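Okay, structure first, notes after.
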There are 2 protein chains.
Amino acid sequence: MTTGADGRGLAGFAALLADPTRAGFCLALLDGRAWTAGELARAAGVAPSTASDHLTRLVAGGLLVEQRQGRHRYVRLADPGVAQLVEDLAARAPAPAVPPRTLRAASAGAALAYARTCYDHLAGRLGVLLHDALLARGVLDRSGGLALTGEGVSWLAGLGVPVEPLRAARRPLVRDCLDWTERRPHLAGTLGAALCGRFFDLGWTTRGAGRAVRLTAAGRDALAEALALDPALLAPPASRDTGPARA
Amino acid sequence: MTTGADGRGLAGFAALLADPTRAGFCLALLDGRAWTAGELARAAGVAPSTASDHLTRLVAGGLLVEQRQGRHRYVRLADPGVAQLVEDLAARAPAPAVPPRTLRAASAGAALAYARTCYDHLAGRLGVLLHDALLARGVLDRSGGLALTGEGVSWLAGLGVPVEPLRAARRPLVRDCLDWTERRPHLAGTLGAALCGRFFDLGWTTRGAGRAVRLTAAGRDALAEALALDPALLAPPASRDTGPARA
DNA sequence: GGCACCGTTCGGCGTGGCCCGAACCGTGCC
DNA sequence: GGCACGGTTCGGGCCACGCCGAACGGTGCC
């Protein structure tokens with residue numbers, strides 16, 4: 001029963017993300033996986049004690065949930081809503097002053113711009129392309145708000161993605177998510193997550209470095225076939241190697 | 001082309017809302033109107049110089065836009081996306097420690113909990129009720145994501161709300177917006193805004209103090225008729241007076 | 001022209017929070 | 001048991017930020 005025009009509550013909550021280290025934690029956790037406190041500390045370049053303090057605050061604030069296992073403290077984003085919130089904020093935040101710095105970083109940036117996970121669904125140029133193709137193919141419809149069509153249900157069944165279980169979740173089935181790099185929407189919601197997961201299961205995509213996603217040759221052809229697209233459209237840019245291979 | 005796992009951009013942006021005074025400004029501006037710098041300063045209880053500084057930052061950060069008129073500086077939320085962002089954050093923020101304080105404040109809180117504007121659409125118990133009734137009546141459909149139905153288009157036409165112009169905007173036609181007080185979704189998007197505006201035009205609702213909205217007697221009956229609901233369901237709680245009358 | 005008022009700029013003050021290092025605790029492995 | 005390691009707690013230093021009052025400029029009204 002807040003209703004308060006009092007900004008203290010909002011300010012306190014926003015302050016959780018108003019620190020570069022904590023914000024970096026949340027961005028790292030956007031890959032949807034659970035990280036240990038030490039991993040986050042190293043990734044952010046701060047002392048373990050500092051990271052510990054920040055994590056305690058983020059958990060207390062409801063942004064993160066933790067899970068203790070042995071001597072490890074695993075944390076992850078509390079729920080998909082938090083992921084969306086962080087994404088929305090990040091999409092509006094200005095780009096840092098010096099984008100590329102090194103060639104290695106620029107290459108990693110290109111890989112992320114091509115395809116990456118956005119919490120639990122697909123983002124980047126490939127994600128937007130998928131979103132557009134699903135609309136064009138009639139799987140999704142936007143005439144009265146973003147929605148899955150009846151035709152889409154059968155198309156998904158053909159892909160091995162049963163829709164009914166997805167409706168049971170408290171999250172929306174389909175949802176727009178503004179893409180950082182493309183500045184256009186891609187598909188989120190339980191369906192976005194299910195499609196992303198199915199692509200991994202089918203071997204159409206594999207995980208690259210960090211949040212990066214790579215489209216396999218088989219995946220390129222199969223996806224192009226399923227979406228009635230030219231396979232060349234789906235291919236990554238000229239770059240021959242999307243970051244350090246980890247397959 | 002950010003893609004950066006660097007938290008500095010996100011942190012800097014979040015910091016705009018991480019101050020109680022700035023957060024209070026944004027919450028006040030959630031009524032969708034333009035306020036002068038002095039009005040905001042008084043509402044927040046800070047010196048004009050302090051407010052001026054904060055406003056400059058919020059404008060520079062893209063959260064607010066300003067419009068100078070004579071010796072006044074009018075400012076409002078930059079776009080509906082910002083309003084959504086602020087709403088989403090506020091919905092997750094914990095309630096302030098001391099909710100009611102005075103009887104007057106408690107009464108104002110009750111009025112806001114009953115019905116208020118959420119930027120440009122209807123929120124509060126009435127907003128959620130409207131959302132539920134539109135679903136029940138088949139104007140909206142949630143089977144494949146929130147969407148307006150064909151039947152809904154004619155229903156809206158009968159109400160004097162043509163849908164086609166609403167599709168032209170770059171904002172979504174329909175969208176979920178999590179209600180602060182009810183913790184359940186109400187209707188946002190261009191349709192939510194159009195309905196809210198239409199209710200004011202028809203005299204079904206009037207503006208109360210601040211963001212509060214009052215349902216007129218005629219509005220209660222007409223809305224109940226249109227939604228096939230019991231008028232008693234729509235009535236405000238036992239309170240006989242929803243804040244200082246301003247009609 | 002004179003005055004009231006809105007808003008801005010600047011200097012200075014106080015506070016809060018971010019960071020680290022050192023010490024400590026518990027877990028897991030040898 | 002001993003050791004390595006992950007994580008936490010505590011104390012202290014430092015910087016940034018929010019606040020105000022005073023002085024100034026610009027606008028609108030009498």
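Within each chain, counting starts at residue 1; across the structure tokens, chains are named A, B, ... in the order shown, with ligands numbered 1 upward in that order.
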
Near chain B, meaning an atom within 9 Å, which residues of chain C appear when counting only C-alpha atoms (C1' of nucleotides)? Write them as an MDAnalysis selection string. chainID C and resid 5:9

Proximity check chain A to chain B, 7 Å, nearest pairs one decimal Å, only C-alpha atoms, as CSV:
residue,atom,partner,partner_atom,distance
A:Met1,CA,B:Thr181,CA,5.2
A:Thr2,CA,B:Ala95,CA,4.8
A:Thr3,CA,B:Gly109,CA,6.3
A:Ala5,CA,B:Leu27,CA,6.1
A:Asp6,CA,B:Gly24,CA,5.8
A:Gly7,CA,B:Gly24,CA,4.0
A:Arg8,CA,B:Pro20,CA,4.7
A:Gly9,CA,B:Pro96,CA,5.5
A:Leu10,CA,B:Ala90,CA,5.3
A:Ala11,CA,B:Ala18,CA,4.1
A:Gly12,CA,B:Ala18,CA,6.1
A:Phe13,CA,B:Ala93,CA,5.4
A:Ala14,CA,B:Ala18,CA,4.7
A:Ala15,CA,B:Ala18,CA,4.4
A:Leu17,CA,B:Ala11,CA,5.6
A:Ala18,CA,B:Ala11,CA,4.1
A:Asp19,CA,B:Ala11,CA,5.0
A:Pro20,CA,B:Arg8,CA,4.7
A:Thr21,CA,B:Gly7,CA,6.5
A:Ala23,CA,B:Gly7,CA,4.8
A:Gly24,CA,B:Gly7,CA,4.0
A:Leu27,CA,B:Ala5,CA,6.1
A:Ala28,CA,B:Ala5,CA,6.6
A:Leu89,CA,B:Leu10,CA,6.7
A:Ala90,CA,B:Leu10,CA,5.3
A:Ala93,CA,B:Leu10,CA,5.4
A:Pro94,CA,B:Gly9,CA,5.8
A:Ala95,CA,B:Thr2,CA,4.9
A:Pro96,CA,B:Gly9,CA,5.5
A:Pro99,CA,B:Thr2,CA,6.8
A:Gly109,CA,B:Thr3,CA,6.4
A:Leu112,CA,B:Thr3,CA,6.8
A:Ala113,CA,B:Thr3,CA,6.9
A:Gly144,CA,B:Leu148,CA,4.5
A:Gly145,CA,B:Ala147,CA,4.5
A:Leu146,CA,B:Gly145,CA,6.3
A:Ala147,CA,B:Gly145,CA,4.5
A:Leu148,CA,B:Gly144,CA,4.6
A:Thr149,CA,B:Gly144,CA,6.8
A:Pro172,CA,B:Gly145,CA,6.5
A:Leu173,CA,B:Gly145,CA,5.7
A:Val174,CA,B:Gly145,CA,5.6
A:Trp180,CA,B:Thr3,CA,6.8
A:Thr181,CA,B:Met1,CA,5.2

Extract the full set of strand (DSSP E) residues from range 8-228 of chain B according to DSSP on the backbone, and format it as a PyMOL selection string. chain B and resi 35-36+64-69+72-77+116-118+121-123+140-141+147-148+175-178+185-188+205-207+213-215

For C1' of DG26 in chain D and CA of Val59 in chain B, determine how far apart the two atoms are, in Å to one decimal place.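 These two atoms are separated by 21.2 Å.
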
Test item: residues at most 8 Å from range 14-25 of chain C, only C-alpha atoms (C1' of nucleotides), excluding those fewer than 6 positions along its chain, as a ChimeraX atom specification: /A:47,50 /D:8-9

Exercise answer, chain D residues close to chain B, 8 Å and only C-alpha atoms (C1' of nucleotides), as a list in words: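 Close enough to count are DC19, DC20, DG26 and DT27 of chain D.
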
Write out as a PyMOL selection string all residues of range 17-206 of chain A that DSSP puts in alpha helix (DSSP H) for this structure's backbone. chain A and resi 20-29+37-44+48-60+80-92+103-114+125-136+150-158+164-167+189-202

Show me, as number ranges by chain, the residues that have an atom within 12 Å of DC3 in chain C when counting only C-alpha atoms (C1' of nucleotides), minus same-chain residues fewer than 5 positions from it. D: 28-30

Give me, please, the distance in Å between CA of Gly45 in chain A and CA of Arg207 in chain A, quoted to one decimal.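 Between CA of Gly45 in chain A and CA of Arg207 in chain A the gap works out to 24.2 Å.
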
What separation in Å, quoted to one decimal, exists between CA of Leu202 in chain B and CA of Ala217 in chain B? 12.2 Å
